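Trainee: Structure file query_14.cif (mmCIF, C-alpha atoms) is given on the next line.
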```cif
data_work
#
loop_
_atom_site.label_atom_id
_atom_site.label_comp_id
_atom_site.auth_asym_id
_atom_site.auth_seq_id
_atom_site.Cartn_x
_atom_site.Cartn_y
_atom_site.Cartn_z
CA MET A 1 12.81 -8.75 -37.44
CA GLU A 2 12.24 -10.25 -34.01
CA ALA A 3 15.28 -12.06 -32.60
CA ILE A 4 17.29 -12.82 -29.49
CA VAL A 5 20.86 -11.49 -29.62
CA PHE A 6 23.85 -11.37 -27.31
CA GLU A 7 26.99 -9.26 -27.66
CA GLU A 8 29.17 -10.70 -24.90
CA PHE A 9 29.61 -13.95 -23.00
CA GLY A 10 27.88 -14.37 -19.67
CA ASP A 11 24.78 -15.60 -17.88
CA SER A 12 21.30 -15.41 -19.42
CA GLY A 13 21.21 -11.68 -18.65
CA VAL A 14 23.30 -11.03 -21.78
CA LEU A 15 20.42 -12.20 -23.98
CA ARG A 16 18.46 -9.30 -25.46
CA HIS A 17 15.08 -9.42 -27.21
CA THR A 18 14.86 -7.10 -30.21
CA THR A 19 12.49 -6.42 -33.07
CA GLU A 20 15.15 -4.64 -35.13
CA ALA A 21 17.48 -7.45 -36.19
CA GLU A 22 18.33 -7.63 -39.89
CA VAL A 23 16.56 -10.28 -41.96
CA PRO A 24 19.29 -12.67 -43.22
CA VAL A 25 19.83 -13.23 -46.94
CA PRO A 26 20.52 -16.81 -48.09
CA GLY A 27 23.87 -17.51 -49.68
CA PRO A 28 24.72 -20.32 -52.11
CA GLY A 29 23.26 -23.63 -50.95
CA GLN A 30 21.21 -22.01 -48.19
CA VAL A 31 17.51 -21.51 -47.64
CA ARG A 32 15.82 -18.90 -45.50
CA LEU A 33 13.14 -20.18 -43.15
CA ARG A 34 10.26 -18.38 -41.55
CA VAL A 35 10.80 -19.96 -38.15
CA ALA A 36 7.90 -21.85 -36.59
CA ALA A 37 9.88 -23.38 -33.73
CA ALA A 38 13.40 -23.22 -32.33
CA GLY A 39 14.81 -25.97 -30.15
CA VAL A 40 16.61 -25.12 -26.91
CA ASN A 41 19.70 -27.24 -26.25
CA PRO A 42 22.48 -27.30 -23.63
CA MET A 43 24.84 -26.24 -26.39
CA ASP A 44 23.00 -22.91 -26.58
CA TRP A 45 23.87 -21.78 -23.06
CA LYS A 46 27.35 -23.27 -23.30
CA VAL A 47 28.01 -21.13 -26.38
CA ARG A 48 26.51 -18.10 -24.59
CA ARG A 49 28.92 -18.62 -21.69
CA GLY A 50 31.89 -18.94 -24.05
CA LEU A 51 32.55 -22.56 -23.08
CA LEU A 52 32.68 -23.90 -26.65
CA GLU A 53 34.86 -21.28 -28.35
CA GLU A 54 37.47 -23.91 -29.22
CA PHE A 55 34.92 -25.77 -31.34
CA PHE A 56 32.33 -23.12 -32.27
CA PRO A 57 33.84 -19.60 -32.41
CA THR A 58 31.29 -16.83 -31.83
CA THR A 59 31.04 -13.62 -33.83
CA PHE A 60 29.14 -10.82 -32.08
CA PRO A 61 26.37 -9.85 -32.22
CA ALA A 62 25.18 -13.46 -32.20
CA VAL A 63 21.77 -15.13 -32.37
CA PRO A 64 21.56 -18.38 -30.35
CA GLY A 65 20.07 -21.65 -31.48
CA ILE A 66 21.12 -24.44 -33.82
CA GLU A 67 17.86 -26.37 -34.13
CA VAL A 68 15.05 -25.02 -36.32
CA ALA A 69 11.77 -25.92 -37.97
CA GLY A 70 9.90 -23.67 -40.34
CA THR A 71 8.71 -22.81 -43.85
CA VAL A 72 11.07 -22.13 -46.75
CA ASP A 73 10.83 -18.40 -47.46
CA ALA A 74 13.73 -17.81 -49.86
CA LEU A 75 16.21 -19.92 -51.81
CA GLY A 76 19.93 -19.29 -52.26
CA GLU A 77 21.82 -20.01 -55.45
CA GLY A 78 22.18 -23.68 -56.30
CA VAL A 79 19.51 -25.00 -53.94
CA THR A 80 17.69 -27.99 -55.40
CA GLY A 81 15.00 -30.30 -54.08
CA LEU A 82 13.26 -27.55 -52.08
CA ALA A 83 10.65 -24.99 -53.02
CA LEU A 84 9.11 -21.90 -51.46
CA GLY A 85 6.49 -22.90 -48.92
CA ASP A 86 8.05 -26.27 -48.07
CA GLU A 87 7.89 -27.20 -44.39
CA VAL A 88 11.28 -28.43 -43.18
CA PHE A 89 13.36 -29.04 -40.06
CA GLY A 90 17.07 -29.26 -39.36
CA TRP A 91 19.99 -27.04 -38.40
CA SER A 92 20.24 -23.25 -38.50
CA ALA A 93 23.33 -21.52 -39.87
CA THR A 94 22.57 -18.09 -38.41
CA GLY A 95 20.77 -18.77 -35.12
CA ALA A 96 17.27 -20.16 -34.70
CA TYR A 97 16.07 -17.77 -31.99
CA ALA A 98 14.61 -15.42 -34.59
CA ARG A 99 11.68 -14.84 -36.92
CA TYR A 100 13.86 -15.77 -39.92
CA ALA A 101 16.90 -18.03 -40.03
CA LEU A 102 19.21 -19.41 -42.69
CA ALA A 103 19.78 -23.13 -42.98
CA GLY A 104 21.70 -25.55 -45.14
CA ASN A 105 21.03 -29.00 -43.75
CA VAL A 106 17.27 -29.47 -43.60
CA LEU A 107 14.82 -32.20 -44.55
CA PRO A 108 11.09 -32.23 -45.25
CA LYS A 109 8.72 -32.20 -42.30
CA PRO A 110 6.10 -34.91 -42.83
CA ALA A 111 2.52 -33.68 -42.96
CA GLY A 112 0.94 -34.29 -39.59
CA LEU A 113 4.16 -33.95 -37.62
CA SER A 114 3.87 -30.98 -35.26
CA TRP A 115 6.45 -28.20 -35.28
CA GLU A 116 7.34 -29.04 -31.66
CA ALA A 117 7.98 -32.68 -32.55
CA ALA A 118 9.95 -31.79 -35.68
CA VAL A 119 12.27 -29.37 -33.88
CA GLY A 120 12.84 -31.97 -31.15
CA LEU A 121 14.43 -34.42 -33.56
CA PRO A 122 17.54 -32.92 -35.23
CA VAL A 123 19.97 -32.73 -32.31
CA ALA A 124 18.59 -35.48 -30.07
CA GLY A 125 17.72 -37.85 -32.90
CA GLU A 126 21.06 -37.48 -34.66
CA THR A 127 22.93 -37.82 -31.38
CA ALA A 128 21.07 -40.92 -30.25
CA ALA A 129 21.46 -42.73 -33.57
CA ARG A 130 25.10 -41.69 -33.98
CA VAL A 131 26.26 -42.80 -30.54
CA LEU A 132 24.47 -46.14 -30.74
CA ALA A 133 26.21 -46.73 -34.07
CA GLU A 134 29.60 -45.68 -32.68
CA ILE A 135 29.52 -48.10 -29.76
CA GLY A 136 28.14 -50.85 -31.99
CA VAL A 137 25.43 -52.03 -29.63
CA ARG A 138 23.39 -54.83 -31.16
CA GLU A 139 20.63 -57.35 -30.57
CA GLY A 140 21.11 -59.49 -27.49
CA GLU A 141 23.55 -57.10 -25.80
CA THR A 142 23.08 -54.92 -22.73
CA LEU A 143 23.57 -51.15 -22.80
CA PHE A 144 24.01 -48.88 -19.79
CA LEU A 145 22.64 -45.45 -20.67
CA HIS A 146 23.55 -42.75 -18.16
CA GLY A 147 21.00 -39.94 -18.23
CA ALA A 148 18.30 -42.01 -19.89
CA ALA A 149 15.31 -39.78 -19.18
CA GLY A 150 16.50 -36.71 -21.08
CA ILE A 151 15.49 -35.99 -24.66
CA VAL A 152 18.56 -37.77 -26.11
CA GLY A 153 18.15 -40.66 -23.70
CA THR A 154 14.45 -40.97 -24.49
CA ILE A 155 15.17 -41.52 -28.18
CA ALA A 156 18.24 -43.70 -27.60
CA VAL A 157 16.38 -46.01 -25.20
CA GLN A 158 13.63 -46.59 -27.74
CA LEU A 159 16.00 -47.12 -30.68
CA ALA A 160 18.06 -49.61 -28.67
CA VAL A 161 15.05 -51.52 -27.30
CA ALA A 162 13.57 -51.74 -30.80
CA ALA A 163 16.86 -53.27 -31.96
CA GLY A 164 16.64 -56.03 -29.33
CA VAL A 165 19.04 -54.46 -26.84
CA THR A 166 18.49 -54.62 -23.07
CA VAL A 167 18.81 -51.09 -21.69
CA VAL A 168 19.68 -50.20 -18.11
CA GLY A 169 19.10 -46.47 -17.71
CA SER A 170 20.09 -44.14 -14.90
CA ALA A 171 17.69 -41.37 -13.88
CA SER A 172 16.27 -39.65 -10.84
CA GLU A 173 13.61 -41.62 -8.98
CA PRO A 174 10.65 -39.59 -10.34
CA ASN A 175 11.64 -40.67 -13.88
CA HIS A 176 11.81 -44.41 -13.21
CA ALA A 177 8.21 -45.17 -14.17
CA TYR A 178 8.74 -43.18 -17.37
CA LEU A 179 11.79 -45.27 -18.29
CA ARG A 180 9.96 -48.52 -17.60
CA GLY A 181 7.29 -47.32 -20.02
CA LEU A 182 9.99 -46.96 -22.69
CA GLY A 183 11.24 -50.49 -22.05
CA ALA A 184 14.34 -49.71 -19.97
CA VAL A 185 15.37 -50.99 -16.55
CA PRO A 186 15.82 -47.88 -14.38
CA VAL A 187 18.52 -47.36 -11.74
CA ALA A 188 19.15 -44.36 -9.50
CA TYR A 189 22.03 -41.91 -9.79
CA GLY A 190 24.61 -41.46 -7.04
CA ASP A 191 27.02 -43.48 -4.93
CA GLY A 192 26.85 -47.20 -5.59
CA LEU A 193 25.78 -46.74 -9.21
CA ALA A 194 28.02 -49.53 -10.52
CA ASP A 195 26.56 -52.01 -8.04
CA ARG A 196 22.99 -51.07 -8.97
CA VAL A 197 23.76 -51.48 -12.68
CA ARG A 198 25.31 -54.91 -12.06
CA ALA A 199 22.24 -55.95 -10.08
CA ALA A 200 20.01 -54.84 -12.95
CA ALA A 201 22.24 -56.55 -15.54
CA PRO A 202 23.58 -59.75 -13.91
CA ARG A 203 25.00 -60.98 -17.24
CA GLY A 204 27.09 -57.83 -17.52
CA VAL A 205 27.16 -54.66 -19.60
CA ASP A 206 28.44 -54.65 -23.19
CA ALA A 207 28.46 -50.92 -23.94
CA VAL A 208 27.94 -47.56 -22.22
CA PHE A 209 26.33 -44.37 -23.53
CA ASP A 210 26.98 -41.38 -21.25
CA ALA A 211 24.40 -38.69 -21.95
CA ALA A 212 24.73 -36.88 -18.62
CA GLY A 213 28.36 -36.59 -17.53
CA HIS A 214 28.84 -35.90 -13.81
CA GLY A 215 31.93 -38.11 -13.47
CA VAL A 216 30.42 -41.39 -14.65
CA LEU A 217 33.26 -42.48 -16.96
CA PRO A 218 35.22 -44.33 -14.24
CA VAL A 219 32.01 -46.25 -13.52
CA ALA A 220 31.63 -47.02 -17.22
CA ILE A 221 35.18 -48.38 -17.40
CA GLU A 222 34.60 -50.45 -14.28
CA LEU A 223 31.41 -51.95 -15.72
CA LEU A 224 33.27 -53.05 -18.85
CA GLY A 225 36.02 -54.82 -16.94
CA GLY A 226 38.14 -52.10 -15.38
CA GLU A 227 41.14 -50.07 -16.51
CA GLY A 228 43.30 -52.12 -18.85
CA ALA A 229 40.53 -54.59 -19.61
CA ALA A 230 37.65 -52.43 -20.83
CA ASP A 231 37.08 -51.96 -24.55
CA LYS A 232 36.90 -48.17 -24.43
CA GLY A 233 35.64 -48.07 -28.00
CA ARG A 234 32.36 -49.31 -26.59
CA ILE A 235 32.01 -46.29 -24.31
CA ALA A 236 30.85 -42.96 -25.72
CA THR A 237 30.05 -39.66 -24.05
CA ILE A 238 28.30 -36.50 -25.19
CA ALA A 239 28.65 -34.77 -21.82
CA ALA A 240 31.96 -35.54 -20.06
CA VAL A 241 34.49 -32.79 -20.76
CA ASP A 242 37.25 -34.94 -19.21
CA ALA A 243 36.70 -37.81 -21.66
CA ALA A 244 40.23 -37.67 -23.09
CA GLU A 245 41.72 -38.07 -19.60
CA HIS A 246 40.03 -41.47 -19.43
CA GLY A 247 41.03 -42.51 -22.94
CA ILE A 248 37.47 -42.18 -24.22
CA ALA A 249 36.43 -40.30 -27.34
CA TYR A 250 33.97 -37.42 -27.03
CA SER A 251 31.30 -38.10 -29.63
CA LEU A 252 30.90 -35.33 -32.22
CA PRO A 253 28.13 -34.75 -34.81
CA GLU A 254 28.00 -36.93 -37.91
CA GLN A 255 29.29 -35.07 -40.98
CA ASP A 256 27.59 -37.28 -43.59
CA PHE A 257 24.21 -35.58 -43.96
CA ASP A 258 22.82 -38.36 -46.14
CA ARG A 259 23.28 -40.69 -43.19
CA VAL A 260 21.71 -38.16 -40.83
CA ARG A 261 18.80 -37.66 -43.23
CA ALA A 262 18.10 -41.40 -43.21
CA TRP A 263 18.14 -41.51 -39.40
CA LEU A 264 15.84 -38.52 -38.93
CA THR A 265 13.44 -39.53 -41.70
CA ALA A 266 12.95 -42.91 -40.03
CA GLN A 267 12.51 -41.26 -36.64
CA ALA A 268 9.95 -38.77 -37.94
CA GLU A 269 8.00 -41.64 -39.46
CA GLY A 270 8.20 -43.43 -36.11
CA VAL A 271 6.77 -40.42 -34.27
CA LEU A 272 3.87 -40.26 -36.73
CA ALA A 273 3.25 -44.00 -36.41
CA GLY A 274 3.35 -43.83 -32.62
CA THR A 275 6.32 -46.19 -32.35
CA LEU A 276 8.71 -43.45 -31.21
CA LYS A 277 7.71 -41.18 -28.34
CA LEU A 278 9.16 -37.72 -27.81
CA ARG A 279 9.08 -35.92 -24.50
CA HIS A 280 7.96 -32.31 -24.70
CA ALA A 281 8.67 -30.12 -21.68
CA GLU A 282 7.38 -26.67 -22.53
CA THR A 283 6.86 -24.20 -25.38
CA LEU A 284 7.75 -20.60 -24.57
CA PRO A 285 7.53 -17.37 -26.58
CA LEU A 286 10.80 -16.18 -28.08
CA LYS A 287 11.02 -13.24 -25.69
CA GLU A 288 11.39 -15.74 -22.82
CA ALA A 289 14.59 -17.24 -24.26
CA ALA A 290 16.59 -16.34 -21.14
CA ARG A 291 14.17 -18.28 -18.95
CA ALA A 292 14.32 -21.23 -21.35
CA GLN A 293 18.12 -21.31 -21.24
CA ASP A 294 18.08 -21.03 -17.44
CA LEU A 295 15.77 -24.05 -17.31
CA SER A 296 18.06 -25.95 -19.66
CA GLU A 297 21.10 -25.08 -17.58
CA THR A 298 19.58 -26.68 -14.46
CA GLY A 299 19.98 -30.06 -16.17
CA HIS A 300 16.60 -31.22 -14.84
CA VAL A 301 14.28 -30.46 -17.75
CA ARG A 302 11.91 -33.32 -18.50
CA GLY A 303 11.74 -33.22 -22.27
CA LYS A 304 12.23 -30.71 -25.06
CA LEU A 305 12.12 -26.97 -24.54
CA VAL A 306 10.85 -25.06 -27.58
CA LEU A 307 10.70 -21.37 -28.46
CA THR A 308 8.21 -19.86 -30.90
CA PRO A 309 8.52 -16.39 -32.50
#
```
What does the file become when written as structure tokens?
Mentor:
Amino acid sequence: MEAIVFEEFGDSGVLRHTTEAEVPVPGPGQVRLRVAAAGVNPMDWKVRRGLLEEFFPTTFPAVPGIEVAGTVDALGEGVTGLALGDEVFGWSATGAYARYALAGNVLPKPAGLSWEAAVGLPVAGETAARVLAEIGVREGETLFLHGAAGIVGTIAVQLAVAAGVTVVGSASEPNHAYLRGLGAVPVAYGDGLADRVRAAAPRGVDAVFDAAGHGVLPVAIELLGGEGAADKGRIATIAAVDAAEHGIAYSLPEQDFDRVRAWLTAQAEGVLAGTLKLRHAETLPLKEAARAQDLSETGHVRGKLVLTP
């Protein structure tokens, strides 16, 4: 079958397009999908570079990609609630950059939801909902969201605003109009960030969601009262590798899939209803996976990158 494989860690040059990969066979509790779309995430290139071995050990040869949408093609033993031909989206167990992929945690794709929209929800949608729940942000409070214009930030801004939260979001200047359209108050990155956030939120900040990293955690602590005064449980990061050095927990994926299912089902319904907007950057053919990962690694992609076999 067609797939992207890599057999060593390195830059995008280690990715190889092949048409001779073996078609995976579903094990107990798994389904095989005929892939319609694979999501490209920063985690993909971090795994390829060997940066996440402590958390996600790699067995070579490996197929990249954790985010998948497609049609159920085969059922493993014990699978219930799904049938051949069902259109689903969720997480791949064998790598999504392929014509066929195995999956365990998937949910039905609503009719009318595009493949590109469906594959843009699992990682970003779960992350946005999870982090907002972890920091306990609620109606009437103010949230500072660092990296608000990315795909995770886009969903998190909208979920928070819909819940009655005031959102101050950092982004590059060209993204400020976009954030205003989502209901956030935009501020620029760079030196003086804390002062700009305070000016945008004169009543103070109640919680911080760091979706971009780049050394913002000291700013987050300062905004919540400074070292020794800040409630660090109200700061969460999905990007700062030095989180533990600041006494802040690095947010990890939710393990309760029933909870995740509820989040993503509501988000998919929101996309269909037009109450939740997703930002799509570009759809590329599978053979251009290296280019897609290079784009992702720049950190300046405006929206979701998608690959199609």
Trainee: Translate the PyMOL selection byres ((chain A and resi 247) around 12) into a concrete residue list for this structure, as a PyMOL selection string.
Mentor: chain A and resi 217-218+220-221+227-228+230-237+240-246+248-250
Trainee: Around all the atoms of range 59-76 of chain A listed in the file, draw an axis-aligned box and extend it by 8 Å on each of the six sides; I want its centre and edge lengths in Å to one decimal, as AutoDock Vina command-line options.
Mentor:
```
--center_x 19.9 --center_y -18.1 --center_z -41.3 --size_x 38.3 --size_y 32.5 --size_z 37.9
```
Trainee: Between A:Ala292, A:Val301, A:Val31, A:Val187, single out the one closest to Ala83 in chain A, counting all atoms listed in the file.
Mentor: A:Val31
Trainee: Name the closest residue to Ala111 in chain A among the candidates A:Ala268, A:Ile155, A:Ala290, A:Ala184; distances are taken between atoms, counting only C-alpha atoms.
Mentor: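 Of the candidates, the smallest distance to Ala111 in chain A is held by A:Ala268.
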Trainee: Would you translate the PyMOL selection byres ((chain A and resi 170-182) around 7) into the concrete set of residues it matches in this file, as a count of residues only?
Mentor: 16
Trainee: Report as number ranges by chain the full result of the PyMOL selection byres ((chain A and resi 9-23) around 12) when it is applied to this structure.
Mentor: A: 1-8, 24-26, 32-35, 44-53, 57-64, 73-74, 94-95, 97-102, 285-297, 309
